[in-house]
>>> print(open('input-v5.cif').read())   # mmCIF, C-alpha atoms and all ligand atoms; chains and numbers go by the auth columns
data_entry
#
loop_
_atom_site.group_PDB
_atom_site.id
_atom_site.type_symbol
_atom_site.label_atom_id
_atom_site.label_comp_id
_atom_site.label_asym_id
_atom_site.label_seq_id
_atom_site.Cartn_x
_atom_site.Cartn_y
_atom_site.Cartn_z
_atom_site.B_iso_or_equiv
_atom_site.auth_seq_id
_atom_site.auth_asym_id
ATOM 1 C CA MET A 1 106.184 132.910 161.489 0.00 1 A
ATOM 2 C CA SER A 2 106.881 134.866 164.661 0.00 2 A
ATOM 3 C CA ASN A 3 110.334 133.398 164.986 0.00 3 A
ATOM 4 C CA PRO A 4 112.655 135.173 162.531 0.00 4 A
ATOM 5 C CA ARG A 5 114.890 132.136 162.188 0.00 5 A
ATOM 6 C CA GLU A 6 112.017 129.843 161.231 0.00 6 A
ATOM 7 C CA TYR A 7 110.753 132.414 158.812 0.00 7 A
ATOM 8 C CA ARG A 8 114.124 132.804 157.205 0.00 8 A
ATOM 9 C CA GLU A 9 114.410 129.086 156.638 0.00 9 A
ATOM 10 C CA GLU A 10 110.941 128.945 155.190 0.00 10 A
ATOM 11 C CA LYS A 11 111.844 131.660 152.719 0.00 11 A
ATOM 12 C CA VAL A 12 114.941 129.818 151.633 0.00 12 A
ATOM 13 C CA LYS A 13 112.897 126.691 151.038 0.00 13 A
ATOM 14 C CA VAL A 14 110.512 128.620 148.839 0.00 14 A
ATOM 15 C CA VAL A 15 113.344 129.910 146.678 0.00 15 A
ATOM 16 C CA ASP A 16 114.914 126.512 146.417 0.00 16 A
ATOM 17 C CA GLY A 17 111.612 124.803 145.635 0.00 17 A
ATOM 18 C CA GLN A 18 110.868 127.184 142.798 0.00 18 A
ATOM 19 C CA ARG A 19 114.120 126.670 141.000 0.00 19 A
ATOM 20 C CA PRO A 20 113.225 123.608 138.925 0.00 20 A
ATOM 21 C CA SER A 21 109.976 125.096 137.637 0.00 21 A
ATOM 22 C CA ARG A 22 111.386 128.487 136.841 0.00 22 A
ATOM 23 C CA ARG A 23 112.279 129.124 133.272 0.00 23 A
ATOM 24 C CA ALA A 24 115.960 128.506 132.719 0.00 24 A
ATOM 25 C CA PHE A 25 118.023 131.579 132.181 0.00 25 A
ATOM 26 C CA LEU A 26 119.656 131.467 128.796 0.00 26 A
ATOM 27 C CA ILE A 27 121.739 134.513 129.354 0.00 27 A
ATOM 28 C CA THR A 28 125.428 133.895 129.234 0.00 28 A
ATOM 29 C CA SER A 29 126.906 137.352 129.194 0.00 29 A
ATOM 30 C CA ALA A 30 126.002 140.800 130.317 0.00 30 A
ATOM 31 C CA SER A 31 126.470 144.499 129.879 0.00 31 A
ATOM 32 C CA ALA A 32 125.901 147.425 132.153 0.00 32 A
ATOM 33 C CA CYS A 33 122.554 148.915 132.981 0.00 33 A
ATOM 34 C CA GLY A 34 122.201 152.367 131.447 0.00 34 A
ATOM 35 C CA ALA A 35 124.155 153.691 128.514 0.00 35 A
ATOM 36 C CA PHE A 36 127.294 151.750 129.271 0.00 36 A
ATOM 37 C CA ALA A 37 128.009 148.481 127.531 0.00 37 A
ATOM 38 C CA LEU A 38 130.390 147.167 130.097 0.00 38 A
ATOM 39 C CA TRP A 39 130.527 143.862 131.842 0.00 39 A
ATOM 40 C CA SER A 40 130.099 144.769 135.448 0.00 40 A
ATOM 41 C CA LEU A 41 131.269 142.231 137.927 0.00 41 A
ATOM 42 C CA HIS A 42 132.338 143.477 141.269 0.00 42 A
ATOM 43 C CA SER A 43 131.422 142.769 144.792 0.00 43 A
ATOM 44 C CA PRO A 44 131.827 145.735 147.107 0.00 44 A
ATOM 45 C CA LYS A 45 129.948 144.099 149.931 0.00 45 A
ATOM 46 C CA ALA A 46 130.960 140.488 149.447 0.00 46 A
ATOM 47 C CA ALA A 47 133.610 140.577 152.148 0.00 47 A
ATOM 48 C CA SER A 48 131.263 141.721 154.873 0.00 48 A
ATOM 49 C CA ALA A 49 128.378 139.542 153.708 0.00 49 A
ATOM 50 C CA ALA A 50 130.481 136.413 153.591 0.00 50 A
ATOM 51 C CA GLY A 51 132.426 137.152 156.739 0.00 51 A
ATOM 52 C CA GLY A 52 132.240 134.396 159.279 0.00 52 A
ATOM 53 C CA GLY A 53 132.256 136.728 162.269 0.00 53 A
ATOM 54 C CA SER A 54 130.165 136.123 165.351 0.00 54 A
ATOM 55 C CA LYS A 55 128.176 139.336 164.990 0.00 55 A
ATOM 56 C CA PRO A 56 124.464 138.481 164.767 0.00 56 A
ATOM 57 C CA PRO A 57 122.673 139.743 161.684 0.00 57 A
ATOM 58 C CA GLY A 58 120.616 142.878 162.171 0.00 58 A
ATOM 59 C CA MET A 59 116.885 143.015 162.089 0.00 59 A
ATOM 60 C CA VAL A 60 115.092 144.756 159.241 0.00 60 A
ATOM 61 C CA THR A 61 111.478 145.739 158.680 0.00 61 A
ATOM 62 C CA ILE A 62 109.927 144.505 155.436 0.00 62 A
ATOM 63 C CA VAL A 63 106.519 145.237 153.981 0.00 63 A
ATOM 64 C CA GLU A 64 104.823 141.984 152.997 0.00 64 A
ATOM 65 C CA PHE A 65 102.495 141.577 150.004 0.00 65 A
ATOM 66 C CA GLY A 66 99.961 138.838 149.323 0.00 66 A
ATOM 67 C CA ALA A 67 99.209 136.861 146.161 0.00 67 A
ATOM 68 C CA ASN A 68 96.641 139.502 145.188 0.00 68 A
ATOM 69 C CA GLY A 69 99.388 142.149 145.213 0.00 69 A
ATOM 70 C CA LYS A 70 97.977 143.892 148.268 0.00 70 A
ATOM 71 C CA LYS A 71 99.993 144.906 151.294 0.00 71 A
ATOM 72 C CA THR A 72 99.496 142.514 154.187 0.00 72 A
ATOM 73 C CA GLY A 73 101.523 144.348 156.811 0.00 73 A
ATOM 74 C CA LYS A 74 105.026 144.894 158.089 0.00 74 A
ATOM 75 C CA GLU A 75 107.261 142.241 159.530 0.00 75 A
ATOM 76 C CA GLU A 76 110.512 142.481 161.454 0.00 76 A
ATOM 77 C CA LEU A 77 112.936 139.845 160.203 0.00 77 A
ATOM 78 C CA ALA A 78 116.573 138.952 160.667 0.00 78 A
ATOM 79 C CA ARG A 79 118.648 139.893 157.636 0.00 79 A
ATOM 80 C CA ILE A 80 119.462 136.874 155.476 0.00 80 A
ATOM 81 C CA VAL A 81 123.180 136.217 155.363 0.00 81 A
ATOM 82 C CA LYS A 82 124.758 133.363 153.401 0.00 82 A
ATOM 83 C CA THR A 83 128.180 132.650 152.022 0.00 83 A
ATOM 84 C CA ASP A 84 128.853 133.082 148.314 0.00 84 A
ATOM 85 C CA ALA A 85 129.092 129.299 147.998 0.00 85 A
ATOM 86 C CA GLU A 86 125.641 128.867 149.528 0.00 86 A
ATOM 87 C CA TRP A 87 124.106 131.431 147.205 0.00 87 A
ATOM 88 C CA GLN A 88 125.790 129.841 144.223 0.00 88 A
ATOM 89 C CA LYS A 89 124.041 126.559 144.983 0.00 89 A
ATOM 90 C CA LEU A 90 120.636 128.247 145.206 0.00 90 A
ATOM 91 C CA LEU A 91 120.801 130.448 142.123 0.00 91 A
ATOM 92 C CA SER A 92 121.267 130.107 138.376 0.00 92 A
ATOM 93 C CA PRO A 93 124.679 131.368 137.178 0.00 93 A
ATOM 94 C CA ILE A 94 123.314 134.658 135.819 0.00 94 A
ATOM 95 C CA SER A 95 121.201 135.313 138.916 0.00 95 A
ATOM 96 C CA TYR A 96 124.210 134.636 141.113 0.00 96 A
ATOM 97 C CA GLN A 97 126.386 136.979 139.050 0.00 97 A
ATOM 98 C CA VAL A 98 123.816 139.765 139.134 0.00 98 A
ATOM 99 C CA ALA A 99 122.349 139.446 142.620 0.00 99 A
ATOM 100 C CA ARG A 100 125.358 138.331 144.629 0.00 100 A
ATOM 101 C CA GLN A 101 128.258 139.761 142.603 0.00 101 A
ATOM 102 C CA ALA A 102 126.603 143.053 141.562 0.00 102 A
ATOM 103 C CA GLY A 103 126.732 142.146 137.891 0.00 103 A
ATOM 104 C CA THR A 104 124.450 143.321 135.092 0.00 104 A
ATOM 105 C CA GLU A 105 122.676 141.166 132.532 0.00 105 A
ATOM 106 C CA ARG A 106 122.902 141.956 128.824 0.00 106 A
ATOM 107 C CA PRO A 107 119.958 144.186 127.765 0.00 107 A
ATOM 108 C CA TYR A 108 116.982 142.567 125.971 0.00 108 A
ATOM 109 C CA THR A 109 118.001 139.139 127.261 0.00 109 A
ATOM 110 C CA GLY A 110 116.131 138.897 130.558 0.00 110 A
ATOM 111 C CA ASP A 111 112.676 137.375 130.793 0.00 111 A
ATOM 112 C CA THR A 112 110.811 140.378 132.195 0.00 112 A
ATOM 113 C CA TRP A 113 111.971 143.513 130.330 0.00 113 A
ATOM 114 C CA ASP A 114 109.114 143.045 127.822 0.00 114 A
ATOM 115 C CA LEU A 115 106.613 141.519 130.228 0.00 115 A
ATOM 116 C CA HIS A 116 103.284 143.309 130.498 0.00 116 A
ATOM 117 C CA GLU A 117 101.329 141.077 132.842 0.00 117 A
ATOM 118 C CA ARG A 118 100.067 142.245 136.215 0.00 118 A
ATOM 119 C CA GLY A 119 101.994 140.958 139.173 0.00 119 A
ATOM 120 C CA LEU A 120 104.820 141.379 141.635 0.00 120 A
ATOM 121 C CA PHE A 121 108.534 141.224 141.075 0.00 121 A
ATOM 122 C CA ARG A 122 110.148 139.449 144.006 0.00 122 A
ATOM 123 C CA CYS A 123 113.798 139.163 144.977 0.00 123 A
ATOM 124 C CA ILE A 124 115.292 136.065 143.345 0.00 124 A
ATOM 125 C CA CYS A 125 117.186 135.262 146.550 0.00 125 A
ATOM 126 C CA CYS A 126 114.668 135.757 149.363 0.00 126 A
ATOM 127 C CA ASP A 127 111.246 136.327 147.763 0.00 127 A
ATOM 128 C CA THR A 128 110.774 139.809 149.184 0.00 128 A
ATOM 129 C CA ALA A 129 108.454 141.873 146.963 0.00 129 A
ATOM 130 C CA VAL A 130 110.538 144.663 145.430 0.00 130 A
ATOM 131 C CA PHE A 131 108.583 146.026 142.424 0.00 131 A
ATOM 132 C CA SER A 132 105.064 145.906 141.017 0.00 132 A
ATOM 133 C CA SER A 133 103.813 145.840 137.433 0.00 133 A
ATOM 134 C CA GLU A 134 101.790 148.918 138.453 0.00 134 A
ATOM 135 C CA THR A 135 104.895 151.096 138.205 0.00 135 A
ATOM 136 C CA LYS A 136 106.616 149.346 135.282 0.00 136 A
ATOM 137 C CA PHE A 137 107.141 151.403 132.147 0.00 137 A
ATOM 138 C CA GLU A 138 108.739 151.113 128.722 0.00 138 A
ATOM 139 C CA SER A 139 112.190 152.589 129.113 0.00 139 A
ATOM 140 C CA GLY A 140 113.565 151.330 125.795 0.00 140 A
ATOM 141 C CA THR A 141 116.671 150.064 127.585 0.00 141 A
ATOM 142 C CA GLY A 142 116.065 146.313 127.468 0.00 142 A
ATOM 143 C CA TRP A 143 115.914 146.079 131.250 0.00 143 A
ATOM 144 C CA PRO A 144 112.733 145.960 133.333 0.00 144 A
ATOM 145 C CA SER A 145 112.189 149.546 134.455 0.00 145 A
ATOM 146 C CA PHE A 146 110.000 151.017 137.158 0.00 146 A
ATOM 147 C CA TRP A 147 109.341 154.489 138.484 0.00 147 A
ATOM 148 C CA GLU A 148 109.078 153.369 142.108 0.00 148 A
ATOM 149 C CA PRO A 149 109.813 150.335 144.306 0.00 149 A
ATOM 150 C CA ILE A 150 106.785 148.547 145.742 0.00 150 A
ATOM 151 C CA ALA A 151 107.804 149.751 149.212 0.00 151 A
ATOM 152 C CA LYS A 152 110.691 151.993 150.200 0.00 152 A
ATOM 153 C CA GLU A 153 111.265 149.693 153.183 0.00 153 A
ATOM 154 C CA ASN A 154 112.046 146.714 150.953 0.00 154 A
ATOM 155 C CA VAL A 155 115.010 148.180 149.089 0.00 155 A
ATOM 156 C CA VAL A 156 118.242 149.926 149.974 0.00 156 A
ATOM 157 C CA GLU A 157 119.828 152.608 147.794 0.00 157 A
ATOM 158 C CA ILE A 158 123.534 153.269 148.087 0.00 158 A
ATOM 159 C CA THR A 159 126.072 155.254 146.085 0.00 159 A
ATOM 160 C CA ASP A 160 128.024 153.012 143.730 0.00 160 A
ATOM 161 C CA ARG A 161 131.315 154.468 142.456 0.00 161 A
ATOM 162 C CA SER A 162 132.404 151.412 140.476 0.00 162 A
ATOM 163 C CA LEU A 163 133.358 151.496 136.778 0.00 163 A
ATOM 164 C CA GLY A 164 134.496 155.112 137.068 0.00 164 A
ATOM 165 C CA MET A 165 131.003 156.555 137.449 0.00 165 A
ATOM 166 C CA GLU A 166 128.760 157.517 140.271 0.00 166 A
ATOM 167 C CA ARG A 167 125.459 155.675 140.284 0.00 167 A
ATOM 168 C CA THR A 168 122.920 154.684 142.896 0.00 168 A
ATOM 169 C CA ALA A 169 122.746 150.941 143.379 0.00 169 A
ATOM 170 C CA VAL A 170 119.492 149.337 144.513 0.00 170 A
ATOM 171 C CA SER A 171 119.497 146.185 146.606 0.00 171 A
ATOM 172 C CA CYS A 172 117.091 144.026 148.588 0.00 172 A
ATOM 173 C CA ARG A 173 116.753 145.090 152.219 0.00 173 A
ATOM 174 C CA LEU A 174 116.335 141.570 153.568 0.00 174 A
ATOM 175 C CA CYS A 175 119.146 139.694 151.817 0.00 175 A
ATOM 176 C CA ASP A 176 121.311 142.426 150.253 0.00 176 A
ATOM 177 C CA ALA A 177 120.832 141.091 146.696 0.00 177 A
ATOM 178 C CA HIS A 178 121.919 143.586 144.052 0.00 178 A
ATOM 179 C CA LEU A 179 118.877 144.418 141.901 0.00 179 A
ATOM 180 C CA GLY A 180 120.018 147.257 139.628 0.00 180 A
ATOM 181 C CA HIS A 181 120.475 151.029 139.649 0.00 181 A
ATOM 182 C CA VAL A 182 118.202 154.061 139.860 0.00 182 A
ATOM 183 C CA PHE A 183 118.563 157.095 137.580 0.00 183 A
ATOM 184 C CA ASP A 184 116.797 160.455 137.626 0.00 184 A
ATOM 185 C CA ASP A 185 115.565 160.384 134.013 0.00 185 A
ATOM 186 C CA GLY A 186 112.359 158.456 134.621 0.00 186 A
ATOM 187 C CA PRO A 187 108.731 159.365 133.934 0.00 187 A
ATOM 188 C CA ARG A 188 106.169 161.003 136.179 0.00 188 A
ATOM 189 C CA PRO A 189 105.183 160.967 138.941 0.00 189 A
ATOM 190 C CA THR A 190 108.619 160.361 140.496 0.00 190 A
ATOM 191 C CA GLY A 191 110.969 161.206 137.619 0.00 191 A
ATOM 192 C CA LEU A 192 112.970 158.147 138.592 0.00 192 A
ATOM 193 C CA ARG A 193 113.998 155.149 136.501 0.00 193 A
ATOM 194 C CA TYR A 194 114.717 152.020 138.479 0.00 194 A
ATOM 195 C CA CYS A 195 116.716 150.060 135.940 0.00 195 A
ATOM 196 C CA MET A 196 116.568 146.504 137.219 0.00 196 A
ATOM 197 C CA ASN A 197 117.911 143.144 136.138 0.00 197 A
ATOM 198 C CA SER A 198 115.433 140.416 135.207 0.00 198 A
ATOM 199 C CA ALA A 199 117.806 137.842 136.680 0.00 199 A
ATOM 200 C CA ALA A 200 117.662 139.452 140.128 0.00 200 A
ATOM 201 C CA MET A 201 113.898 139.062 140.421 0.00 201 A
ATOM 202 C CA HIS A 202 111.225 136.509 139.721 0.00 202 A
ATOM 203 C CA PHE A 203 107.788 137.523 138.530 0.00 203 A
ATOM 204 C CA VAL A 204 104.656 136.325 140.285 0.00 204 A
ATOM 205 C CA LYS A 205 101.401 136.894 138.419 0.00 205 A
ATOM 206 C CA LEU A 206 98.555 138.330 140.460 0.00 206 A
ATOM 207 C CA ALA A 207 96.311 135.588 141.796 0.00 207 A
HETATM 208 ZN ZN ZN B . 116.285 139.507 148.818 0.00 301 B
#
>>> encode(input="input-v5.cif", output="structure tokens", more="lines below")
Ligand SMILES: [Zn+2]
Amino acid sequence: MSNPREYREEKVKVVDGQRPSRRAFLITSASACGAFALWSLHSPKAASAAGGGSKPPGMVTIVEFGANGKKTGKEELARIVKTDAEWQKLLSPISYQVARQAGTERPYTGDTWDLHERGLFRCICCDTAVFSSETKFESGTGWPSFWEPIAKENVVEITDRSLGMERTAVSCRLCDAHLGHVFDDGPRPTGLRYCMNSAAMHFVKLA
């Protein structure tokens, strides 16, 4: 666990091992998160992520959470970098389109927008905890919505100027998976609405 490379490989195994038991995604098309019914498929960071350069991946600090949903500490890990082809093998088509190609699933089609159980939402690609049911709310959008990430350290927010609008894209800190967008029309206490894609996360019920 102390060696980042070993840890990274362990995480990949977990994701791979869970694929057969995970409910199959039946989503075949998508529309944009928010008020825009547009099929969003673009990859602003694909070139750098898939680049075969010799530059070593940077280290990032992630907050880890246990099966009971409680914080277990911080860990410094090497960023997970894979080629598009490698990700495609590990993910369902819709998860690949959303998480690796910055796509958006069609609203009301994911498997967690209407989920009310207690648990953690983890990155579909690397298992990093990104949201908790504690901050999930009914947004009426058909996408799982939260007023705060589980830990600021675990996500990255960047300005996204695709599709002729300016939005803030939210991605996983460890593996750069696109998760969704954040808007400023959310409920208290933050006033934020993290509009996520079900296909970019997998839900783990509290133990
Ligand atoms: Zn990730």
>>> atom_distance(input="input-v5.cif", atom1="CA of Val130 in chain A", atom2="CA of Arg161 in chain A")
23.2 Å
>>> residues_near_ligand(input="input-v5.cif", ligand="ligand ZN 301 (chain B)", cutoff="7 Å", atoms="all atoms listed in the file", output="MDAnalysis selection string")
chainID A and resid 123:128 172:177
>>> resolve_selection(input="input-v5.cif", expression="the PyMOL selection byres (((chain A and resi 71-74) around 12) and not hetatm)", output="ChimeraX atom specification")
/A:60-70,75-77,120,128-129,132,150-151,153-154
>>> closest_residue(input="input-v5.cif", among="A:His178, A:Lys136, A:Arg122, A:Lys152", to="Phe203 in chain A", atoms="only C-alpha atoms")
A:Arg122
>>> residues_near_point(input="input-v5.cif", point="(116.7, 146.3, 135.1)", cutoff="12 Å", atoms="all atoms listed in the file", output="PyMOL selection string")
chain A and resi 30-34+98-99+103-114+121+131+136-147+169-171+178-183+193-201
>>> write_last_selection(input="input-v5.cif", atoms="C-alpha atoms", output="compact mmCIF listing (two decimals), keeping the file's coordinate frame")
# COMPACT_ATOMS: atom_id res chain seq x y z
CA ALA A 30 126.00 140.80 130.32
CA SER A 31 126.47 144.50 129.88
CA ALA A 32 125.90 147.43 132.15
CA CYS A 33 122.55 148.92 132.98
CA GLY A 34 122.20 152.37 131.45
CA VAL A 98 123.82 139.76 139.13
CA ALA A 99 122.35 139.45 142.62
CA GLY A 103 126.73 142.15 137.89
CA THR A 104 124.45 143.32 135.09
CA GLU A 105 122.68 141.17 132.53
CA ARG A 106 122.90 141.96 128.82
CA PRO A 107 119.96 144.19 127.76
CA TYR A 108 116.98 142.57 125.97
CA THR A 109 118.00 139.14 127.26
CA GLY A 110 116.13 138.90 130.56
CA ASP A 111 112.68 137.38 130.79
CA THR A 112 110.81 140.38 132.20
CA TRP A 113 111.97 143.51 130.33
CA ASP A 114 109.11 143.04 127.82
CA PHE A 121 108.53 141.22 141.07
CA PHE A 131 108.58 146.03 142.42
CA LYS A 136 106.62 149.35 135.28
CA PHE A 137 107.14 151.40 132.15
CA GLU A 138 108.74 151.11 128.72
CA SER A 139 112.19 152.59 129.11
CA GLY A 140 113.56 151.33 125.80
CA THR A 141 116.67 150.06 127.58
CA GLY A 142 116.06 146.31 127.47
CA TRP A 143 115.91 146.08 131.25
CA PRO A 144 112.73 145.96 133.33
CA SER A 145 112.19 149.55 134.46
CA PHE A 146 110.00 151.02 137.16
CA TRP A 147 109.34 154.49 138.48
CA ALA A 169 122.75 150.94 143.38
CA VAL A 170 119.49 149.34 144.51
CA SER A 171 119.50 146.18 146.61
CA HIS A 178 121.92 143.59 144.05
CA LEU A 179 118.88 144.42 141.90
CA GLY A 180 120.02 147.26 139.63
CA HIS A 181 120.48 151.03 139.65
CA VAL A 182 118.20 154.06 139.86
CA PHE A 183 118.56 157.10 137.58
CA ARG A 193 114.00 155.15 136.50
CA TYR A 194 114.72 152.02 138.48
CA CYS A 195 116.72 150.06 135.94
CA MET A 196 116.57 146.50 137.22
CA ASN A 197 117.91 143.14 136.14
CA SER A 198 115.43 140.42 135.21
CA ALA A 199 117.81 137.84 136.68
CA ALA A 200 117.66 139.45 140.13
CA MET A 201 113.90 139.06 140.42
>>> atom_distance(input="input-v5.cif", atom1="CA of Thr190 in chain A", atom2="CA of Glu148 in chain A")
7.2 Å
>>> atom_distance(input="input-v5.cif", atom1="CA of Gly186 in chain A", atom2="CA of Tyr96 in chain A")
27.4 Å
>>> build_atoms(input="input-v5.cif", residues="range 101-115 of chain A", atoms="N, CA, C and O atoms", output="tab-separated table (two decimals), in the coordinates of the input")
chain	number	residue	atom	x	y	z
A	101	GLN	N	126.97	139.19	142.99
A	101	GLN	CA	128.26	139.76	142.60
A	101	GLN	C	128.09	141.15	141.97
A	101	GLN	O	129.01	141.66	141.34
A	102	ALA	N	126.89	141.72	142.10
A	102	ALA	CA	126.60	143.05	141.56
A	102	ALA	C	126.89	143.16	140.07
A	102	ALA	O	127.40	144.17	139.60
A	103	GLY	N	126.55	142.11	139.34
A	103	GLY	CA	126.73	142.15	137.89
A	103	GLY	C	125.51	142.74	137.20
A	103	GLY	O	124.55	143.13	137.84
A	104	THR	N	125.57	142.80	135.88
A	104	THR	CA	124.45	143.32	135.09
A	104	THR	C	124.22	142.41	133.90
A	104	THR	O	125.16	142.06	133.20
A	105	GLU	N	122.97	142.03	133.68
A	105	GLU	CA	122.68	141.17	132.53
A	105	GLU	C	122.72	141.98	131.24
A	105	GLU	O	122.55	143.19	131.25
A	106	ARG	N	122.91	141.29	130.12
A	106	ARG	CA	122.90	141.96	128.82
A	106	ARG	C	121.48	142.44	128.54
A	106	ARG	O	120.52	141.72	128.79
A	107	PRO	N	121.31	143.68	128.02
A	107	PRO	CA	119.96	144.19	127.76
A	107	PRO	C	119.21	143.33	126.75
A	107	PRO	O	119.82	142.70	125.89
A	108	TYR	N	117.89	143.32	126.86
A	108	TYR	CA	116.98	142.57	125.97
A	108	TYR	C	117.14	141.05	126.09
A	108	TYR	O	116.68	140.31	125.24
A	109	THR	N	117.82	140.58	127.12
A	109	THR	CA	118.00	139.14	127.26
A	109	THR	C	117.24	138.56	128.45
A	109	THR	O	117.04	137.35	128.51
A	110	GLY	N	116.84	139.40	129.39
A	110	GLY	CA	116.13	138.90	130.56
A	110	GLY	C	114.72	138.48	130.20
A	110	GLY	O	114.25	138.75	129.08
A	111	ASP	N	114.03	137.85	131.13
A	111	ASP	CA	112.68	137.38	130.79
A	111	ASP	C	111.57	138.31	131.26
A	111	ASP	O	110.39	137.98	131.14
A	112	THR	N	111.90	139.49	131.77
A	112	THR	CA	110.81	140.38	132.20
A	112	THR	C	110.88	141.80	131.62
A	112	THR	O	109.98	142.59	131.89
A	113	TRP	N	111.91	142.13	130.83
A	113	TRP	CA	111.97	143.51	130.33
A	113	TRP	C	110.76	143.84	129.46
A	113	TRP	O	110.27	144.95	129.45
A	114	ASP	N	110.23	142.83	128.74
A	114	ASP	CA	109.11	143.04	127.82
A	114	ASP	C	107.83	142.39	128.34
A	114	ASP	O	106.93	142.10	127.59
A	115	LEU	N	107.77	142.18	129.62
A	115	LEU	CA	106.61	141.52	130.23
A	115	LEU	C	105.57	142.58	130.59
A	115	LEU	O	105.91	143.60	131.17
